[in-house]
Amino acid sequence: MATASKTPHPDTTRVEDEDPSITETTVAELAPLYRQMLAIRRMEEAAAKAYSQGKIGGFLHLIIGQEAVCVGAIASLMPDDYVVATYREHGHAYAKGVPARPILAELYGKATGLVKGLGGSMHLFDKEKNFLGGYGIVGGHVPIAAGAAFASKYRGDGRVTLCFFGEGASTIGGFAEGLALAALWKLPVVLICENNQYSMGTPTYRSLAVEDVSLRALAHGMARDRFDGDDVIKVKRRVAEAVERARTTGEPTLVEVVTYRFRGHSMSDPGLYRTKDEVEEWKRRDPLNRSRARLSELGMSEQDLEALEGDVKAEIEDAVKFSEDSPPADEYFKYVVKE
Amino acid sequence: MAQIIGLPKLSPTMEEGVLVKWNKKEGDKVSPGDLVAEVETDKANMDFNIEDEGVLLKLLAQEGATVKLGAPVLIIGKAGEDVSALVAQAAGGAAKTAAAPQPKADVKPTPAPAAAPKAEPKPAPSPKQDDKKSPTPTATPAAGTKLLASPLAKSLAIELGVDIRNVTGSGPGGRIIERDVRATAQGGSNGHAPPAEPPEAEPDAKPSPETAIAVRRPQAADHDTDYTDTPASNMRKRIAARLTEAKRDVPHFYLMRTLDAAPLLGFRERLNALLGDRGKVSVNDLVIKAVALALRRVPECNAAWIDDGIRTFHRVHVGVAVALPEGLVTPVIRDADQKGIGSIAAEVRDLAARAKSRQLKAHEITGSTFTVSNLGMLGIERFTAILNPPEAGILAIGATIDAPVVRNGAVVVGKTLTVTMSCDHRAIDGALGARWLAAFVDLAEHPESLAL
Amino acid sequence: MAHISYRDALNQAMREEMERDANIFVMGEEVGYYNGAYKVTQGLLQRFSERRVIDAPIAEMGFAGIGVGAAMVGLRPIVEFMTFNFSLVAIDQIVNNAAKIYQMSGGQFNVPIVFRGPGGPAVQVSSQHSQSLESFYAHVPGLKVVMPSTAYDAKGLLKTAIRDDNPVVFIEGETLYNTTWDVPDASEGDHLIPLGKADVKREGSHVTLIAWSKMVWTCLEAAKVLAEQGIECEVVDPRTLRPLDVDTLAASVAKTGRCVIVEVGWPVAGFGAEVAYQMQKRCMDALDAPVERVTSDDVPMPYAKNLEDEVQPQVKDVVAAVRRVLYLE
């Protein structure tokens, strides 16, 4: 395994707090991403409804408002590439190709769930889709993502690993150590900080001395990037640069995407730590609305958009029905140790 | 500092001994190696040599008493030391064991561990004499009070047919533990009593051997019975166990030949004439020599079955069964093939004499590789002997009798001798045994070869 | 058979397995150019190169997690902790990730990884470097916990641990590295000892001593002393604490009727407490005395040699405990 580079790393960084420019795209590129974002939102809304009916329990962390980050970033990957995510990962799983049925059934705690009712909302895994999981301990999964990238480097298989985490993870050891080792060993991983500006109820100005998380890369000679996450195409383009760097040079990148969650931290969070005005202001920047408007501008008809939306609605209704009709989870001794 | 000395282990299989005779008396000064007593073990009368220096302050066992291995027999210390506390302590442990001989149950000693008092030079597991540090036993619980007993003690009491209410606990707070139950089952001071009610019969519940023994204790002076139970000596017990084991576990078979004894008797006469008053040679001595040489000719019969093979001995040690009033011992003529007939005769006489006075040492009665048993002098014409494990062969010698023999084509009155070889079939097959017996007969019928 | 050290036995195990399977790599602090802080990885870098013998910086949570991630996608890492004391800063990776991923993923991802290194008291290194953490790990479903006491066991168990498809916490006796034993070498075929199989290290009829790692040696010493007093101890070494071979342990206790559990860890919630529970549950009717435990004192390890010895179970403590369960004290 390579040892640390002795030469200073060139600063390939591009940082824009808010990029007003319009990223070039086409209906063919954007429509599927819009469809994914919409499906994720409808799926999470269905989950919130089921939660309020007592059909889903435990923790339920919704990504509503942040959909462009996971959808855009994962759109830059090949199917063989790995994704490692947090406990707020329904969207990441869906974007990586996991259908809504097993995701919702898992939330319902059913035997047909993605992980057989053993993991729930926070622990979605899909080996076939190279989705390496949702993890509940903040920052603890960053070394795991570095490990998957390590394996790619060990085998020379050309795969890239995307690792998602919140800005709240940037203060914990797992993040620091994963970042340090990924930089030291030049592991093909893209570390994506979804900065939704609140670490649960604490805003970044009260939790970070330096609110720009991407600056952590500088200390390790690592490439970095920082931009807003309203435009799914922009997310896709910028993350693709980092993915390309990882795939061709093996070098990691720390990418920070500024975004906003419209809901509380979890279903039990009334969100009293932020004002209604602030939430309304961000809702005006809703990435779904932005993408829908862009599709209209690009010439997609209202009829086609409504057809797409109707298709999504049917997909999620089917997933809900599937979940409600599925048998309850039924085994839990089988997967403690592999025989 | 005075200390209690326990009965030492004087033979490899000794579990108890009879204190035959004190060779020292209280007040005598002793040094390590001094003979203080003679002790009858399961094997022989043994010397009890003390390993400590000091004055014998108290002799705790009477002559004739049976003493368990490790049980207190004497107190040694400096002249004038007060030994009353040690005497009391020893009495606690010895009460059950130092009693004068009396009929008692033949209960196999249990393997239950309980070390003897620390002061003993060689404490060994023994279930009965460890009261030194135990809490004072509580009284037998009255009806209605809670009975404290370990789970093992409870299940063992059922197994041994002991009413646990009659057992005194020696564990913490009077807890009844394994050794208390065993002591009671063996008729110790805990006072065995039959169960108040017969235990509920379980379908497959049959009394274990221990139960049967514990319940059917021999009674010494029971005038209502028409038999007498004589307690077995250690030797008798050992013989019983060994022979049962041998006959049960070793697949015996027997080979018999009748030989012309005239040459042997003639040879003996000539030898005795030569010896004059310097000793006598018996037929048996010649047989021993012939056996030894036959084992040299057919060494495969100088053997023992070991669990995964056959051990063939390189030296020939012939055991000679000697009858005693209370049993028999088998002193050993070592390297009998190397010894002259005269020295074999002298050695056999010496060993037999000392066997009868129980003076044999352990090494003189162990290590034989083949045994000769002779009942000819008692008129027995032929018999079969039980093997003496681990030896693979034993030869039973009958009487020399007048019998018709064919000599020079004519039937005449001659002398014949019938010998029967018992073989361990695991080590010796029929043909091999027959080959050995042929060698023996050849030597016996041509006795001059015994002198070669 | 060769008479080799516990250290060399472990080295052989890794070397043989790495020769066999290119997916196996070793990662840890000082495992490569330094040849291992305790020289267990001696010569591996030279044989297998930097690709497979990887010096890690001081970041236990980082490299333990890298091991877990690599294992999830098919590699078979051996992660060395310089001592298991440092595993505490990586315990999130071991307990929250390695142990749970197989279950959390509904059986999709297993984690074939070995976390190994020395544990248990060392000599005069005080509280932070002298502690027995096996009870922590044995508590966690999804982990296997192995604690060999001899070079023979060390080699056979480590080879099996490396081949196991689950995370194995393999705690080596820090003071056992120089102990020697007859160990089969590669020419005699694969020396594999199954996990979850106890070993009777000495047979006896009067009392069962249950101990693992360093305490097996203490118990064997005590058994010698007790044999001179006419007390025959059976010393049973579970070798793996999880899964625990309760059957073999219970068979011995049922035979002897007395049980003393000796561990060098702390008394409260120590693994011996679980063993004691299992033994009383399985052997209730065979017990003549309460199950006894001998542990270290309930204190952080002191530095001074005399105090350090005082804290840990010594032969005399085991002898005394045995005499207690035999009602001889």
# chains A, B, ... in the order shown; residues from 1 in each chain; ligands from 1
>>> residues_around(residues="C:Ile171", least_positions_apart="6", cutoff="12 Å", atoms="only C-alpha atoms", output="PyMOL selection string")
chain C and resi 10+79-85+87+114-121+131-138+144-149+154+157-158+161+177+212-214+239-241
>>> interface_residues(of="chain C", to="chain A", cutoff="9 Å", atoms="only C-alpha atoms", output="MDAnalysis selection string")
chainID C and resid 23 49:57 59:75 92:93 96:97 99:110 141:144 164:167
>>> atom_distance(atom1="atom CA of B:Val419", atom2="atom CA of B:Arg257")
5.6 Å
>>> residues_around(residues="C:Trp181", least_positions_apart="5", cutoff="7 Å", atoms="only C-alpha atoms", output="PyMOL selection string")
chain C and resi 3-5+150-152
>>> interface_residues(of="chain C", to="chain B", cutoff="12 Å", atoms="only C-alpha atoms", output="tab-separated table (two decimals) with N, CA and C atoms, in the first residue's frame")
chain	number	residue	atom	x	y	z
C	204	GLY	N	-8.58	-34.64	36.09
C	204	GLY	CA	-8.61	-34.83	37.53
C	204	GLY	C	-10.03	-35.13	37.96
C	205	SER	N	-10.20	-35.60	39.18
C	205	SER	CA	-11.51	-36.08	39.59
C	205	SER	C	-12.14	-35.27	40.70
C	206	HIS	N	-11.38	-34.40	41.36
C	206	HIS	CA	-11.90	-33.80	42.58
C	206	HIS	C	-12.52	-32.42	42.39
C	207	VAL	N	-12.00	-31.67	41.44
C	207	VAL	CA	-12.50	-30.31	41.25
C	207	VAL	C	-12.17	-29.88	39.82
C	226	LEU	N	-1.71	-28.82	44.38
C	226	LEU	CA	-2.82	-29.53	45.02
C	226	LEU	C	-2.65	-31.04	44.91
C	227	ALA	N	-2.02	-31.49	43.81
C	227	ALA	CA	-1.81	-32.94	43.66
C	227	ALA	C	-0.95	-33.45	44.81
C	228	GLU	N	-0.03	-32.62	45.25
C	228	GLU	CA	0.82	-33.03	46.38
C	228	GLU	C	0.01	-33.15	47.66
C	229	GLN	N	-1.13	-32.49	47.67
C	229	GLN	CA	-2.02	-32.60	48.84
C	229	GLN	C	-3.07	-33.68	48.61
C	230	GLY	N	-2.93	-34.41	47.52
C	230	GLY	CA	-3.87	-35.49	47.25
C	230	GLY	C	-5.13	-35.03	46.53
C	231	ILE	N	-5.10	-33.80	46.01
C	231	ILE	CA	-6.30	-33.27	45.34
C	231	ILE	C	-6.03	-33.21	43.84
C	232	GLU	N	-6.86	-33.89	43.07
C	232	GLU	CA	-6.66	-33.96	41.63
C	232	GLU	C	-7.58	-32.96	40.92
C	233	CYS	N	-7.00	-31.97	40.30
C	233	CYS	CA	-7.78	-30.93	39.62
C	233	CYS	C	-7.91	-31.26	38.13
C	253	VAL	N	-17.62	-30.52	35.27
C	253	VAL	CA	-18.15	-30.13	36.58
C	253	VAL	C	-19.10	-31.20	37.12
C	254	ALA	N	-19.87	-31.81	36.22
C	254	ALA	CA	-20.78	-32.88	36.65
C	254	ALA	C	-19.97	-34.06	37.20
C	255	LYS	N	-18.79	-34.24	36.62
C	255	LYS	CA	-17.93	-35.34	37.06
C	255	LYS	C	-17.32	-35.05	38.44
C	256	THR	N	-16.83	-33.83	38.63
C	256	THR	CA	-16.10	-33.55	39.87
C	256	THR	C	-17.00	-33.00	40.98
C	257	GLY	N	-18.09	-32.39	40.62
C	257	GLY	CA	-18.99	-31.85	41.63
C	257	GLY	C	-18.54	-30.53	42.23
C	258	ARG	N	-17.41	-30.02	41.75
C	258	ARG	CA	-16.90	-28.75	42.30
C	258	ARG	C	-16.30	-27.94	41.16
C	280	GLN	N	-23.86	-23.68	37.22
C	280	GLN	CA	-24.88	-24.01	38.23
C	280	GLN	C	-26.18	-24.44	37.56
C	283	CYS	N	-25.35	-28.04	36.12
C	283	CYS	CA	-24.80	-29.05	37.04
C	283	CYS	C	-25.39	-28.96	38.43
C	284	MET	N	-26.53	-28.33	38.57
C	284	MET	CA	-27.12	-28.10	39.89
C	284	MET	C	-27.07	-29.34	40.78
C	285	ASP	N	-27.50	-30.45	40.27
C	285	ASP	CA	-27.64	-31.63	41.13
C	285	ASP	C	-26.31	-32.34	41.37
C	286	ALA	N	-25.28	-31.89	40.69
C	286	ALA	CA	-23.98	-32.55	40.88
C	286	ALA	C	-23.08	-31.74	41.81
C	287	LEU	N	-23.51	-30.54	42.16
C	287	LEU	CA	-22.60	-29.66	42.90
C	287	LEU	C	-22.61	-29.97	44.40
C	288	ASP	N	-21.41	-30.04	44.94
C	288	ASP	CA	-21.28	-30.25	46.38
C	288	ASP	C	-20.95	-28.93	47.08
C	289	ALA	N	-20.65	-27.92	46.31
C	289	ALA	CA	-20.31	-26.62	46.89
C	289	ALA	C	-20.68	-25.55	45.88
C	290	PRO	N	-20.91	-24.33	46.34
C	290	PRO	CA	-21.20	-23.26	45.39
C	290	PRO	C	-20.04	-23.09	44.41
C	291	VAL	N	-20.36	-22.71	43.18
C	291	VAL	CA	-19.31	-22.44	42.20
C	291	VAL	C	-18.49	-21.25	42.71
C	322	VAL	N	-9.78	-23.77	45.72
C	322	VAL	CA	-10.04	-25.21	45.57
C	322	VAL	C	-10.30	-25.82	46.94
C	323	ARG	N	-9.50	-25.44	47.91
C	323	ARG	CA	-9.69	-26.01	49.25
C	323	ARG	C	-11.02	-25.54	49.84
C	324	ARG	N	-11.46	-24.36	49.45
C	324	ARG	CA	-12.76	-23.89	49.94
C	324	ARG	C	-13.89	-24.76	49.39
C	325	VAL	N	-13.87	-25.03	48.10
C	325	VAL	CA	-14.98	-25.81	47.55
C	325	VAL	C	-14.92	-27.27	47.99
C	326	LEU	N	-13.76	-27.67	48.50
C	326	LEU	CA	-13.65	-29.02	49.06
C	326	LEU	C	-13.89	-29.01	50.57
C	327	TYR	N	-14.26	-27.83	51.10
C	327	TYR	CA	-14.53	-27.68	52.54
C	327	TYR	C	-13.30	-28.04	53.36
C	328	LEU	N	-12.14	-27.68	52.86
C	328	LEU	CA	-10.92	-27.96	53.61
C	328	LEU	C	-10.38	-26.71	54.27
C	329	GLU	N	-11.03	-25.58	54.04
C	329	GLU	CA	-10.51	-24.34	54.64
C	329	GLU	C	-11.40	-23.95	55.81
>>> residues_around(residues="B:Lys289", least_positions_apart="6", cutoff="8 Å", atoms="only C-alpha atoms", output="PyMOL selection string")
chain B and resi 336-337+341+344+450
>>> write_last_selection(atoms="C-alpha atoms", output="compact mmCIF listing (two decimals), in the first residue's frame")
# COMPACT_ATOMS: atom_id res chain seq x y z
CA ALA B 336 15.31 -67.91 37.33
CA ASP B 337 16.77 -68.91 33.97
CA ILE B 341 18.94 -75.31 40.68
CA ILE B 344 16.61 -71.62 43.24
CA LEU B 450 18.32 -78.17 33.31
>>> select_by_dssp(residues="stretch 78-286 of chain C", states="strand (DSSP E or B)", output="ChimeraX atom specification")
/C:78-80,114-119,144-146,168-173,180-183,199-202,207-211,233-237,240-242,259-262
>>> residues_around(residues="stretch 303-308 of chain A", least_positions_apart="6", cutoff="9 Å", atoms="only C-alpha atoms", output="list in words")
Ala31, Arg35, Arg292, Leu295 and Ser296 of chain A
>>> write_last_selection(atoms="C-alpha atoms", output="PDB file, in the first residue's frame")
ATOM      1  CA  ALA A  31     -36.406  13.872 -16.264  1.00  0.00           C
ATOM      2  CA  ARG A  35     -38.583  11.285 -11.236  1.00  0.00           C
ATOM      3  CA  ARG A 292     -39.802  20.675 -12.626  1.00  0.00           C
ATOM      4  CA  LEU A 295     -38.002  20.586 -17.415  1.00  0.00           C
ATOM      5  CA  SER A 296     -40.808  22.895 -18.562  1.00  0.00           C
TER       6      SER A 296
END
>>> atom_distance(atom1="atom CA of C:Val262", atom2="atom CA of C:Thr179")
19.7 Å
>>> closest_residue(among="B:Ala392, B:Leu452, B:Met235, B:Leu10", to="B:Pro251", atoms="only C-alpha atoms")
B:Ala392
>>> atom_distance(atom1="atom CA of C:Val311", atom2="atom CA of C:Val299")
7.8 Å
>>> select_by_dssp(residues="stretch 110-252 of chain C", states="alpha helix (DSSP H)", output="number ranges by chain")
C: 134-138, 151-163, 214-228, 246-252
>>> decode(residues="stretch 244-263 of chain C", atoms="N, CA and C atoms", output="PDB file, in the first residue's frame")
ATOM      1  N   LEU C 244     -19.174 -20.473  23.483  1.00  0.00           N
ATOM      2  CA  LEU C 244     -18.619 -21.153  24.655  1.00  0.00           C
ATOM      3  C   LEU C 244     -19.048 -22.619  24.624  1.00  0.00           C
ATOM      4  N   ASP C 245     -18.081 -23.491  24.845  1.00  0.00           N
ATOM      5  CA  ASP C 245     -18.340 -24.931  24.821  1.00  0.00           C
ATOM      6  C   ASP C 245     -18.886 -25.358  26.191  1.00  0.00           C
ATOM      7  N   VAL C 246     -20.119 -25.001  26.433  1.00  0.00           N
ATOM      8  CA  VAL C 246     -20.718 -25.275  27.741  1.00  0.00           C
ATOM      9  C   VAL C 246     -20.765 -26.787  28.013  1.00  0.00           C
ATOM     10  N   ASP C 247     -20.959 -27.573  26.972  1.00  0.00           N
ATOM     11  CA  ASP C 247     -21.084 -29.026  27.164  1.00  0.00           C
ATOM     12  C   ASP C 247     -19.838 -29.625  27.807  1.00  0.00           C
ATOM     13  N   THR C 248     -18.687 -29.273  27.272  1.00  0.00           N
ATOM     14  CA  THR C 248     -17.452 -29.844  27.814  1.00  0.00           C
ATOM     15  C   THR C 248     -17.215 -29.360  29.238  1.00  0.00           C
ATOM     16  N   LEU C 249     -17.467 -28.077  29.467  1.00  0.00           N
ATOM     17  CA  LEU C 249     -17.278 -27.532  30.806  1.00  0.00           C
ATOM     18  C   LEU C 249     -18.216 -28.233  31.799  1.00  0.00           C
ATOM     19  N   ALA C 250     -19.458 -28.351  31.405  1.00  0.00           N
ATOM     20  CA  ALA C 250     -20.455 -28.926  32.314  1.00  0.00           C
ATOM     21  C   ALA C 250     -20.180 -30.408  32.563  1.00  0.00           C
ATOM     22  N   ALA C 251     -19.685 -31.097  31.535  1.00  0.00           N
ATOM     23  CA  ALA C 251     -19.385 -32.520  31.730  1.00  0.00           C
ATOM     24  C   ALA C 251     -18.321 -32.688  32.800  1.00  0.00           C
ATOM     25  N   SER C 252     -17.368 -31.804  32.783  1.00  0.00           N
ATOM     26  CA  SER C 252     -16.305 -31.892  33.784  1.00  0.00           C
ATOM     27  C   SER C 252     -16.840 -31.572  35.177  1.00  0.00           C
ATOM     28  N   VAL C 253     -17.622 -30.517  35.271  1.00  0.00           N
ATOM     29  CA  VAL C 253     -18.149 -30.126  36.579  1.00  0.00           C
ATOM     30  C   VAL C 253     -19.103 -31.202  37.117  1.00  0.00           C
ATOM     31  N   ALA C 254     -19.874 -31.811  36.218  1.00  0.00           N
ATOM     32  CA  ALA C 254     -20.777 -32.882  36.653  1.00  0.00           C
ATOM     33  C   ALA C 254     -19.970 -34.057  37.195  1.00  0.00           C
ATOM     34  N   LYS C 255     -18.795 -34.236  36.622  1.00  0.00           N
ATOM     35  CA  LYS C 255     -17.930 -35.342  37.059  1.00  0.00           C
ATOM     36  C   LYS C 255     -17.317 -35.054  38.438  1.00  0.00           C
ATOM     37  N   THR C 256     -16.833 -33.835  38.632  1.00  0.00           N
ATOM     38  CA  THR C 256     -16.098 -33.546  39.865  1.00  0.00           C
ATOM     39  C   THR C 256     -16.995 -33.002  40.975  1.00  0.00           C
ATOM     40  N   GLY C 257     -18.092 -32.389  40.617  1.00  0.00           N
ATOM     41  CA  GLY C 257     -18.991 -31.845  41.633  1.00  0.00           C
ATOM     42  C   GLY C 257     -18.535 -30.529  42.230  1.00  0.00           C
ATOM     43  N   ARG C 258     -17.406 -30.020  41.749  1.00  0.00           N
ATOM     44  CA  ARG C 258     -16.904 -28.753  42.295  1.00  0.00           C
ATOM     45  C   ARG C 258     -16.297 -27.943  41.164  1.00  0.00           C
ATOM     46  N   CYS C 259     -16.489 -26.629  41.235  1.00  0.00           N
ATOM     47  CA  CYS C 259     -16.041 -25.792  40.115  1.00  0.00           C
ATOM     48  C   CYS C 259     -15.434 -24.497  40.619  1.00  0.00           C
ATOM     49  N   VAL C 260     -14.232 -24.222  40.155  1.00  0.00           N
ATOM     50  CA  VAL C 260     -13.579 -22.946  40.444  1.00  0.00           C
ATOM     51  C   VAL C 260     -13.240 -22.306  39.100  1.00  0.00           C
ATOM     52  N   ILE C 261     -13.697 -21.059  38.899  1.00  0.00           N
ATOM     53  CA  ILE C 261     -13.443 -20.343  37.656  1.00  0.00           C
ATOM     54  C   ILE C 261     -12.398 -19.277  37.939  1.00  0.00           C
ATOM     55  N   VAL C 262     -11.345 -19.309  37.158  1.00  0.00           N
ATOM     56  CA  VAL C 262     -10.231 -18.409  37.426  1.00  0.00           C
ATOM     57  C   VAL C 262     -10.056 -17.481  36.232  1.00  0.00           C
ATOM     58  N   GLU C 263     -10.178 -16.177  36.469  1.00  0.00           N
ATOM     59  CA  GLU C 263      -9.967 -15.224  35.371  1.00  0.00           C
ATOM     60  C   GLU C 263      -9.159 -14.054  35.890  1.00  0.00           C
TER      61      GLU C 263
END
